[in-house]
Each structure stands twice: as C-alpha cells, then as structure tokens.
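K.L.:
My structure is stored as run31.cif, with mmCIF, N, CA and C atoms.
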```
data_target
loop_
_atom_site.label_atom_id
_atom_site.label_comp_id
_atom_site.auth_asym_id
_atom_site.auth_seq_id
_atom_site.Cartn_x
_atom_site.Cartn_y
_atom_site.Cartn_z
N MET V 124 -32.98 16.75 -6.12
CA MET V 124 -32.16 15.86 -5.32
C MET V 124 -32.84 14.49 -5.25
N SER V 125 -32.11 13.47 -5.52
CA SER V 125 -32.61 12.10 -5.52
C SER V 125 -32.93 11.64 -4.10
N GLN V 126 -33.89 10.73 -4.01
CA GLN V 126 -34.23 10.15 -2.70
C GLN V 126 -33.07 9.36 -2.11
N PHE V 127 -32.11 8.96 -2.98
CA PHE V 127 -30.96 8.19 -2.52
C PHE V 127 -29.80 9.07 -2.08
N ASN V 128 -29.82 10.35 -2.46
CA ASN V 128 -28.68 11.21 -2.21
C ASN V 128 -28.29 11.26 -0.73
N GLY V 129 -29.21 11.56 0.15
CA GLY V 129 -28.91 11.65 1.57
C GLY V 129 -28.40 10.34 2.16
N PRO V 130 -29.12 9.22 1.94
CA PRO V 130 -28.63 7.95 2.47
C PRO V 130 -27.27 7.55 1.90
N TYR V 131 -27.04 7.80 0.61
CA TYR V 131 -25.73 7.46 0.03
C TYR V 131 -24.64 8.32 0.64
N GLN V 132 -24.90 9.60 0.84
CA GLN V 132 -23.89 10.45 1.47
C GLN V 132 -23.56 9.95 2.87
N GLN V 133 -24.58 9.54 3.61
CA GLN V 133 -24.37 9.02 4.95
C GLN V 133 -23.55 7.72 4.88
N LEU V 134 -23.90 6.84 3.96
CA LEU V 134 -23.17 5.58 3.80
C LEU V 134 -21.71 5.85 3.43
N PHE V 135 -21.49 6.73 2.46
CA PHE V 135 -20.13 7.02 2.01
C PHE V 135 -19.30 7.64 3.13
N GLU V 136 -19.92 8.47 3.95
CA GLU V 136 -19.21 9.06 5.07
C GLU V 136 -18.81 7.97 6.08
N GLU V 137 -19.70 7.04 6.34
CA GLU V 137 -19.39 5.94 7.25
C GLU V 137 -18.28 5.06 6.68
N ILE V 138 -18.31 4.81 5.37
CA ILE V 138 -17.25 4.01 4.73
C ILE V 138 -15.91 4.72 4.86
N ARG V 139 -15.91 6.03 4.61
CA ARG V 139 -14.67 6.81 4.73
C ARG V 139 -14.13 6.73 6.15
N ARG V 140 -15.00 6.90 7.13
CA ARG V 140 -14.58 6.85 8.53
C ARG V 140 -14.09 5.46 8.91
N LEU V 141 -14.79 4.43 8.43
CA LEU V 141 -14.37 3.05 8.69
C LEU V 141 -13.01 2.77 8.04
N HIS V 142 -12.83 3.24 6.81
CA HIS V 142 -11.54 3.06 6.12
C HIS V 142 -10.41 3.69 6.94
N ASN V 143 -10.63 4.90 7.42
CA ASN V 143 -9.61 5.57 8.23
C ASN V 143 -9.32 4.79 9.51
N ARG V 144 -10.35 4.27 10.16
CA ARG V 144 -10.17 3.51 11.40
C ARG V 144 -9.42 2.21 11.11
N LEU V 145 -9.77 1.52 10.03
CA LEU V 145 -9.09 0.28 9.69
C LEU V 145 -7.62 0.51 9.33
N ARG V 146 -7.35 1.61 8.63
CA ARG V 146 -5.96 1.93 8.30
C ARG V 146 -5.16 2.20 9.57
N TRP V 147 -5.74 2.96 10.48
CA TRP V 147 -5.07 3.25 11.76
C TRP V 147 -4.86 1.95 12.55
N LEU V 148 -5.90 1.11 12.62
CA LEU V 148 -5.80 -0.14 13.37
C LEU V 148 -4.72 -1.04 12.78
N GLY V 149 -4.67 -1.13 11.45
CA GLY V 149 -3.64 -1.94 10.80
C GLY V 149 -2.24 -1.44 11.12
N ASP V 150 -2.08 -0.12 11.12
CA ASP V 150 -0.78 0.44 11.46
C ASP V 150 -0.39 0.09 12.90
N GLN V 151 -1.38 0.12 13.82
CA GLN V 151 -1.10 -0.20 15.22
C GLN V 151 -0.77 -1.68 15.39
N VAL V 152 -1.55 -2.53 14.74
CA VAL V 152 -1.40 -3.99 14.91
C VAL V 152 -0.07 -4.48 14.36
N HIS V 153 0.39 -3.88 13.26
CA HIS V 153 1.60 -4.38 12.60
C HIS V 153 2.81 -3.47 12.75
N GLU V 154 2.71 -2.51 13.65
CA GLU V 154 3.81 -1.56 13.84
C GLU V 154 5.11 -2.26 14.20
N ASP V 155 5.05 -3.27 15.07
CA ASP V 155 6.27 -3.96 15.50
C ASP V 155 6.89 -4.78 14.36
N MET V 156 6.13 -5.03 13.29
CA MET V 156 6.65 -5.74 12.13
C MET V 156 7.20 -4.77 11.08
N GLY V 157 7.08 -3.47 11.36
CA GLY V 157 7.57 -2.46 10.44
C GLY V 157 6.69 -2.27 9.21
N GLN V 158 5.42 -2.68 9.33
CA GLN V 158 4.55 -2.60 8.17
C GLN V 158 3.46 -1.55 8.37
N THR V 159 3.29 -0.72 7.35
CA THR V 159 2.23 0.27 7.33
C THR V 159 1.04 -0.29 6.57
N SER V 160 -0.08 0.40 6.65
CA SER V 160 -1.26 -0.05 5.92
C SER V 160 -1.01 -0.02 4.41
N ALA V 161 -0.20 0.92 3.94
CA ALA V 161 0.09 1.02 2.50
C ALA V 161 0.90 -0.20 2.03
N LYS V 162 1.90 -0.55 2.79
CA LYS V 162 2.71 -1.73 2.41
C LYS V 162 1.90 -3.01 2.58
N ARG V 163 1.10 -3.10 3.64
CA ARG V 163 0.27 -4.27 3.87
C ARG V 163 -0.68 -4.48 2.69
N SER V 164 -1.26 -3.40 2.21
CA SER V 164 -2.19 -3.49 1.08
C SER V 164 -1.53 -4.10 -0.15
N LEU V 165 -0.32 -3.66 -0.45
CA LEU V 165 0.41 -4.20 -1.60
C LEU V 165 0.79 -5.66 -1.38
N LEU V 166 1.27 -5.98 -0.19
CA LEU V 166 1.63 -7.36 0.12
C LEU V 166 0.42 -8.28 0.00
N LEU V 167 -0.72 -7.81 0.50
CA LEU V 167 -1.92 -8.63 0.45
C LEU V 167 -2.39 -8.84 -1.00
N SER V 168 -2.28 -7.81 -1.84
CA SER V 168 -2.64 -7.97 -3.25
C SER V 168 -1.77 -9.02 -3.91
N LEU V 169 -0.47 -8.95 -3.68
CA LEU V 169 0.44 -9.92 -4.28
C LEU V 169 0.21 -11.33 -3.72
N PHE V 170 -0.17 -11.42 -2.47
CA PHE V 170 -0.47 -12.70 -1.83
C PHE V 170 -1.71 -13.33 -2.46
N ARG V 171 -2.74 -12.52 -2.67
CA ARG V 171 -4.03 -13.04 -3.17
C ARG V 171 -4.07 -13.18 -4.68
N GLU V 172 -3.43 -12.25 -5.39
CA GLU V 172 -3.55 -12.21 -6.85
C GLU V 172 -2.32 -12.73 -7.59
N GLY V 173 -1.23 -12.89 -6.88
CA GLY V 173 0.00 -13.32 -7.53
C GLY V 173 0.76 -12.13 -8.08
N PRO V 174 1.82 -12.38 -8.83
CA PRO V 174 2.67 -11.31 -9.33
C PRO V 174 1.89 -10.26 -10.14
N CYS V 175 2.22 -9.00 -9.91
CA CYS V 175 1.59 -7.86 -10.60
C CYS V 175 2.66 -6.82 -10.90
N THR V 176 2.39 -6.02 -11.89
CA THR V 176 3.29 -4.91 -12.19
C THR V 176 2.90 -3.70 -11.34
N VAL V 177 3.82 -2.77 -11.23
CA VAL V 177 3.53 -1.53 -10.52
C VAL V 177 2.34 -0.81 -11.17
N PRO V 178 2.29 -0.69 -12.51
CA PRO V 178 1.12 -0.04 -13.12
C PRO V 178 -0.21 -0.76 -12.79
N GLU V 179 -0.18 -2.07 -12.73
CA GLU V 179 -1.41 -2.80 -12.38
C GLU V 179 -1.84 -2.51 -10.95
N LEU V 180 -0.88 -2.48 -10.04
CA LEU V 180 -1.19 -2.17 -8.65
C LEU V 180 -1.70 -0.75 -8.50
N ALA V 181 -1.13 0.17 -9.27
CA ALA V 181 -1.56 1.57 -9.22
C ALA V 181 -2.97 1.72 -9.78
N LYS V 182 -3.25 1.05 -10.87
CA LYS V 182 -4.58 1.14 -11.49
C LYS V 182 -5.65 0.61 -10.55
N GLU V 183 -5.36 -0.49 -9.88
CA GLU V 183 -6.31 -1.07 -8.93
C GLU V 183 -6.65 -0.09 -7.81
N ARG V 184 -5.67 0.73 -7.41
CA ARG V 184 -5.86 1.66 -6.31
C ARG V 184 -6.21 3.08 -6.75
N LEU V 185 -6.20 3.30 -8.07
CA LEU V 185 -6.50 4.62 -8.62
C LEU V 185 -5.52 5.68 -8.11
N VAL V 186 -4.25 5.31 -8.06
CA VAL V 186 -3.19 6.23 -7.67
C VAL V 186 -2.09 6.18 -8.72
N SER V 187 -1.13 7.07 -8.61
CA SER V 187 -0.05 7.12 -9.59
C SER V 187 0.93 5.96 -9.41
N ARG V 188 1.61 5.62 -10.48
CA ARG V 188 2.64 4.58 -10.42
C ARG V 188 3.74 4.99 -9.45
N GLN V 189 4.05 6.27 -9.39
CA GLN V 189 5.12 6.75 -8.52
C GLN V 189 4.81 6.47 -7.04
N ILE V 190 3.54 6.62 -6.67
CA ILE V 190 3.16 6.34 -5.27
C ILE V 190 3.39 4.87 -4.96
N ILE V 191 2.98 4.00 -5.87
CA ILE V 191 3.16 2.57 -5.67
C ILE V 191 4.63 2.20 -5.71
N GLN V 192 5.37 2.79 -6.64
CA GLN V 192 6.80 2.47 -6.77
C GLN V 192 7.55 2.80 -5.49
N THR V 193 7.19 3.89 -4.84
CA THR V 193 7.82 4.26 -3.58
C THR V 193 7.65 3.15 -2.54
N GLN V 194 6.44 2.63 -2.43
CA GLN V 194 6.16 1.56 -1.47
C GLN V 194 6.83 0.26 -1.88
N ILE V 195 6.80 -0.04 -3.19
CA ILE V 195 7.45 -1.26 -3.69
C ILE V 195 8.95 -1.21 -3.40
N ASN V 196 9.56 -0.04 -3.56
CA ASN V 196 10.99 0.09 -3.27
C ASN V 196 11.29 -0.26 -1.81
N LEU V 197 10.41 0.17 -0.91
CA LEU V 197 10.58 -0.17 0.51
C LEU V 197 10.47 -1.68 0.71
N LEU V 198 9.49 -2.30 0.04
CA LEU V 198 9.31 -3.75 0.16
C LEU V 198 10.47 -4.51 -0.46
N LEU V 199 11.04 -3.98 -1.55
CA LEU V 199 12.23 -4.59 -2.15
C LEU V 199 13.40 -4.53 -1.17
N ASP V 200 13.59 -3.35 -0.56
CA ASP V 200 14.69 -3.17 0.40
C ASP V 200 14.56 -4.12 1.59
N GLU V 201 13.32 -4.45 1.96
CA GLU V 201 13.08 -5.35 3.09
C GLU V 201 13.15 -6.82 2.68
N GLY V 202 13.32 -7.07 1.39
CA GLY V 202 13.38 -8.45 0.92
C GLY V 202 12.04 -9.16 0.91
N LEU V 203 10.95 -8.39 0.86
CA LEU V 203 9.61 -8.97 0.90
C LEU V 203 9.03 -9.22 -0.49
N VAL V 204 9.53 -8.50 -1.49
CA VAL V 204 9.10 -8.71 -2.87
C VAL V 204 10.34 -8.79 -3.75
N THR V 205 10.15 -9.36 -4.92
CA THR V 205 11.24 -9.47 -5.87
C THR V 205 10.69 -9.24 -7.28
N PRO V 206 11.48 -8.60 -8.15
CA PRO V 206 11.00 -8.42 -9.53
C PRO V 206 11.15 -9.72 -10.32
N ARG V 207 10.20 -9.95 -11.20
CA ARG V 207 10.24 -11.11 -12.10
C ARG V 207 10.01 -10.62 -13.52
N SER V 208 10.50 -11.39 -14.46
CA SER V 208 10.25 -11.03 -15.86
C SER V 208 8.75 -11.10 -16.13
N ASN V 209 8.33 -10.27 -17.04
CA ASN V 209 6.92 -10.15 -17.39
C ASN V 209 6.75 -10.62 -18.83
N PRO V 210 6.05 -11.70 -19.06
CA PRO V 210 5.89 -12.20 -20.42
C PRO V 210 5.12 -11.24 -21.33
N ARG V 211 4.37 -10.31 -20.75
CA ARG V 211 3.58 -9.37 -21.56
C ARG V 211 4.30 -8.06 -21.84
N HIS V 212 5.41 -7.81 -21.14
CA HIS V 212 6.08 -6.52 -21.29
C HIS V 212 7.54 -6.67 -20.85
N LYS V 213 8.46 -6.29 -21.71
CA LYS V 213 9.88 -6.50 -21.40
C LYS V 213 10.40 -5.59 -20.29
N ARG V 214 9.91 -4.35 -20.23
CA ARG V 214 10.49 -3.39 -19.28
C ARG V 214 9.73 -3.32 -17.95
N SER V 215 8.45 -3.65 -17.96
CA SER V 215 7.65 -3.55 -16.75
C SER V 215 7.65 -4.90 -16.03
N LYS V 216 8.49 -5.01 -15.03
CA LYS V 216 8.64 -6.26 -14.27
C LYS V 216 7.39 -6.52 -13.43
N GLN V 217 7.13 -7.79 -13.19
CA GLN V 217 6.10 -8.17 -12.24
C GLN V 217 6.74 -8.26 -10.86
N MET V 218 6.03 -7.80 -9.86
CA MET V 218 6.50 -7.91 -8.49
C MET V 218 5.85 -9.14 -7.87
N ALA V 219 6.65 -9.94 -7.21
CA ALA V 219 6.15 -11.16 -6.57
C ALA V 219 6.65 -11.21 -5.14
N LEU V 220 5.89 -11.86 -4.29
CA LEU V 220 6.32 -12.05 -2.91
C LEU V 220 7.50 -13.01 -2.86
N THR V 221 8.42 -12.70 -2.01
CA THR V 221 9.49 -13.65 -1.69
C THR V 221 8.92 -14.62 -0.64
N ARG V 222 9.69 -15.62 -0.31
CA ARG V 222 9.28 -16.53 0.77
C ARG V 222 9.09 -15.74 2.06
N LYS V 223 10.02 -14.84 2.33
CA LYS V 223 9.94 -13.99 3.52
C LYS V 223 8.66 -13.14 3.49
N GLY V 224 8.32 -12.61 2.32
CA GLY V 224 7.11 -11.80 2.17
C GLY V 224 5.85 -12.62 2.40
N ARG V 225 5.81 -13.82 1.83
CA ARG V 225 4.65 -14.71 2.01
C ARG V 225 4.49 -15.08 3.48
N GLU V 226 5.58 -15.40 4.15
CA GLU V 226 5.51 -15.75 5.57
C GLU V 226 5.04 -14.56 6.40
N LEU V 227 5.48 -13.36 6.05
CA LEU V 227 5.04 -12.17 6.77
C LEU V 227 3.54 -11.96 6.60
N VAL V 228 3.05 -12.08 5.37
CA VAL V 228 1.61 -11.90 5.13
C VAL V 228 0.82 -12.94 5.92
N GLU V 229 1.28 -14.16 5.95
CA GLU V 229 0.58 -15.20 6.71
C GLU V 229 0.55 -14.86 8.20
N ARG V 230 1.64 -14.33 8.73
CA ARG V 230 1.67 -13.91 10.14
C ARG V 230 0.73 -12.73 10.38
N MET V 231 0.72 -11.79 9.44
CA MET V 231 -0.17 -10.63 9.57
C MET V 231 -1.64 -11.06 9.55
N LEU V 232 -1.99 -11.95 8.63
CA LEU V 232 -3.38 -12.42 8.55
C LEU V 232 -3.78 -13.19 9.80
N ALA V 233 -2.87 -13.99 10.33
CA ALA V 233 -3.16 -14.73 11.57
C ALA V 233 -3.36 -13.76 12.73
N ARG V 234 -2.53 -12.73 12.80
CA ARG V 234 -2.66 -11.73 13.86
C ARG V 234 -3.99 -11.00 13.75
N GLU V 235 -4.37 -10.64 12.51
CA GLU V 235 -5.64 -9.95 12.29
C GLU V 235 -6.82 -10.84 12.64
N ALA V 236 -6.75 -12.13 12.29
CA ALA V 236 -7.83 -13.07 12.62
C ALA V 236 -7.99 -13.19 14.13
N ALA V 237 -6.87 -13.25 14.84
CA ALA V 237 -6.92 -13.34 16.30
C ALA V 237 -7.53 -12.07 16.89
N LEU V 238 -7.17 -10.92 16.34
CA LEU V 238 -7.74 -9.66 16.81
C LEU V 238 -9.25 -9.63 16.59
N LEU V 239 -9.68 -10.03 15.41
CA LEU V 239 -11.12 -10.05 15.13
C LEU V 239 -11.85 -11.01 16.07
N GLU V 240 -11.22 -12.13 16.36
CA GLU V 240 -11.80 -13.09 17.31
C GLU V 240 -11.92 -12.46 18.69
N ASP V 241 -10.91 -11.71 19.10
CA ASP V 241 -10.91 -11.09 20.42
C ASP V 241 -11.98 -10.00 20.55
N ILE V 242 -12.10 -9.16 19.53
CA ILE V 242 -13.02 -8.02 19.65
C ILE V 242 -14.45 -8.38 19.28
N GLY V 243 -14.66 -9.47 18.55
CA GLY V 243 -16.00 -9.88 18.18
C GLY V 243 -16.58 -8.97 17.11
N SER V 244 -17.87 -9.11 16.88
CA SER V 244 -18.55 -8.32 15.86
C SER V 244 -19.95 -7.94 16.32
N PRO V 245 -20.37 -6.73 16.01
CA PRO V 245 -21.75 -6.35 16.34
C PRO V 245 -22.76 -6.94 15.34
N LEU V 246 -22.26 -7.61 14.30
CA LEU V 246 -23.11 -8.18 13.26
C LEU V 246 -23.02 -9.70 13.26
N SER V 247 -24.07 -10.34 12.80
CA SER V 247 -24.04 -11.79 12.62
C SER V 247 -23.24 -12.10 11.36
N PRO V 248 -22.79 -13.34 11.20
CA PRO V 248 -22.10 -13.71 9.96
C PRO V 248 -22.96 -13.42 8.71
N ALA V 249 -24.26 -13.66 8.79
CA ALA V 249 -25.15 -13.38 7.65
C ALA V 249 -25.20 -11.88 7.35
N GLU V 250 -25.23 -11.06 8.39
CA GLU V 250 -25.24 -9.60 8.18
C GLU V 250 -23.93 -9.12 7.58
N VAL V 251 -22.83 -9.71 8.00
CA VAL V 251 -21.52 -9.35 7.43
C VAL V 251 -21.50 -9.71 5.95
N THR V 252 -21.97 -10.91 5.61
CA THR V 252 -22.00 -11.35 4.22
C THR V 252 -22.88 -10.43 3.39
N GLU V 253 -24.05 -10.06 3.90
CA GLU V 253 -24.95 -9.16 3.17
C GLU V 253 -24.33 -7.77 3.01
N SER V 254 -23.66 -7.29 4.03
CA SER V 254 -22.99 -5.98 3.94
C SER V 254 -21.91 -6.00 2.88
N ALA V 255 -21.10 -7.05 2.88
CA ALA V 255 -20.04 -7.17 1.88
C ALA V 255 -20.63 -7.21 0.47
N HIS V 256 -21.73 -7.94 0.31
CA HIS V 256 -22.39 -8.02 -1.00
C HIS V 256 -22.91 -6.65 -1.43
N SER V 257 -23.54 -5.93 -0.51
CA SER V 257 -24.07 -4.59 -0.83
C SER V 257 -22.95 -3.64 -1.24
N LEU V 258 -21.85 -3.66 -0.50
CA LEU V 258 -20.72 -2.79 -0.83
C LEU V 258 -20.12 -3.17 -2.18
N SER V 259 -20.08 -4.44 -2.48
CA SER V 259 -19.58 -4.91 -3.78
C SER V 259 -20.46 -4.38 -4.91
N LEU V 260 -21.76 -4.43 -4.73
CA LEU V 260 -22.68 -3.91 -5.77
C LEU V 260 -22.48 -2.42 -6.00
N ILE V 261 -22.32 -1.67 -4.93
CA ILE V 261 -22.09 -0.22 -5.06
C ILE V 261 -20.77 0.04 -5.77
N ARG V 262 -19.70 -0.68 -5.38
CA ARG V 262 -18.40 -0.50 -6.04
C ARG V 262 -18.49 -0.81 -7.52
N GLU V 263 -19.10 -1.93 -7.87
CA GLU V 263 -19.25 -2.30 -9.28
C GLU V 263 -20.05 -1.26 -10.06
N HIS V 264 -21.09 -0.73 -9.44
CA HIS V 264 -21.90 0.30 -10.09
C HIS V 264 -21.07 1.57 -10.34
N LEU V 265 -20.28 1.95 -9.36
CA LEU V 265 -19.41 3.13 -9.53
C LEU V 265 -18.36 2.88 -10.59
N GLU V 266 -17.81 1.67 -10.63
CA GLU V 266 -16.80 1.34 -11.64
C GLU V 266 -17.41 1.42 -13.05
N GLN V 267 -18.65 1.01 -13.21
CA GLN V 267 -19.31 1.09 -14.51
C GLN V 267 -19.62 2.53 -14.90
N GLY V 268 -19.98 3.33 -13.89
CA GLY V 268 -20.32 4.72 -14.16
C GLY V 268 -19.12 5.60 -14.41
N PHE V 269 -18.01 5.25 -13.79
CA PHE V 269 -16.78 6.01 -13.92
C PHE V 269 -15.68 5.05 -14.34
N ARG V 270 -15.39 5.00 -15.57
CA ARG V 270 -14.45 4.01 -16.12
C ARG V 270 -13.01 4.25 -15.71
N GLY V 271 -12.74 5.10 -14.73
CA GLY V 271 -11.40 5.31 -14.25
C GLY V 271 -10.86 4.09 -13.53
N GLY V 272 -11.73 3.22 -13.04
CA GLY V 272 -11.28 2.06 -12.29
C GLY V 272 -11.77 0.83 -12.89
#
```
Please re-express this file's structure in structure tokens.

P.N.:
Amino acid sequence: MSQFNGPYQQLFEEIRRLHNRLRWLGDQVHEDMGQTSAKRSLLLSLFREGPCTVPELAKERLVSRQIIQTQINLLLDEGLVTPRSNPRHKRSKQMALTRKGRELVERMLAREAALLEDIGSPLSPAEVTESAHSLSLIREHLEQGFRGG
C-alpha cells in the first residue's frame, strides 16, 4: 500500500461529500427558478465555453449522450438553449444559450456570489487558490492515467 493511499482516499471522500453538498445547495438556491444542479451545470458550460454538442457535453462529464440529451430537451422546452448548425458535423447540432438562457445564468451566478458573500469562507483567498490548483493537478493526473476523460 502506497504512503499516499490513505490520504488520497480521505481527500476523495471529502471531495465526494463536498460535491454532494454543493449539488444539494445549488438545487435549494435555484429551486424557485426551476433549475436543478444538472441543468445548471449544462447552462454554465454553454455560458463559459460557448456552443457545444450533446456528445461534447457528455464526454466532459463522462456520462452517456442520452443522459445529457434528456437535460438538453428540458432546457430546449424552457427556451434556455437553441440548436445551431455545426460546421464540423451536419447531424450533430451545437447547443447554444438563448438570450433568456444567458440572462438566467447571469442571475444564477449573481445569486451564488451573494450567497458566498453571506456565508463567508473558512479559508483565505490564497488558500482557496492553492486548493483549486491542487485539485486541478490531481484531475489532470487522473485524466492522463485514465484516458476516458
């Protein structure tokens, strides 16, 4: 057993628990807007990265296209995303935010920023930056070791 095994297991367990708490918190914060953490995640990707195909969104999340398509269909029905032609593929449309979708994401981000301001942080800004960097290094290492992502 590696000297890193125990600490990594502890870290991964904390990340899993934090992920679950953040998903729950997001659902609570945006419930009145009719948005779940799954839909928020897709909206945020399209907001930050621009138009993407369903397969691209699925690959990023390591889930099936069908799972993403189900959520995209809900976002289409709400008028938050719209299909666009894809210059790289005739049949696989790119999904893009509508004006309504962009405005919703901006409201969600503002609400989240206000919540973070209200609750504060147990870490300094430098500690948050270092934590984010450390998690990024671990993610990149896992991506190199397991080419699934």

K.L.:
With only C-alpha atoms as the atoms that count, which of V:Pro178, V:Gly202, V:Gly129, V:Pro248 lies nearest to V:Leu220?

P.N.:
V:Gly202

K.L.:
Give me, please, the distance in Å between atom N of V:Leu238 and atom CA of V:Ala219, quoted to one decimal.

P.N.:
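Computed distance, atom N of V:Leu238 to atom CA of V:Ala219, equals 26.5 Å.
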
K.L.:
Tell me, in Å to one decimal, how far atom C of V:Leu232 is from atom N of V:Leu167.

P.N.:
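Value for the atom C of V:Leu232-atom N of V:Leu167 distance: 11.2 Å.
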
K.L.:
Find, counting only C-alpha atoms, the residue in V:Phe269, V:Ile261, V:Glu136, V:Leu239 that gets nearest to V:Leu148.

P.N.:
V:Leu239

K.L.:
Hey, can you check how far atom C of V:Arg222 sits from atom N of V:Leu203?

P.N.:
7.7 Å

K.L.:
From stretch 164-260 of chain V, collect each residue whose DSSP state is alpha helix (DSSP H) and return the set as number ranges by chain.

P.N.:
V: 164-172, 177-184, 188-200, 222-242, 248-260

K.L.:
Going by the chain IDs and residue numbers used in this file, which residues fall under the PyMOL selection byres (((chain V and resi 191 and name CA) around 9) and name CA)? Write them as a PyMOL selection string.

P.N.:
chain V and resi 161+165+177-178+180-181+186-190+192-196

K.L.:
Select, from V:Asp241, V:Glu137, V:Asp150, V:Glu201, the residue with the minimum atom-to-atom distance to V:Leu227, counting only C-alpha atoms.

P.N.:
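For V:Leu227, the nearest of the candidates is V:Glu201.
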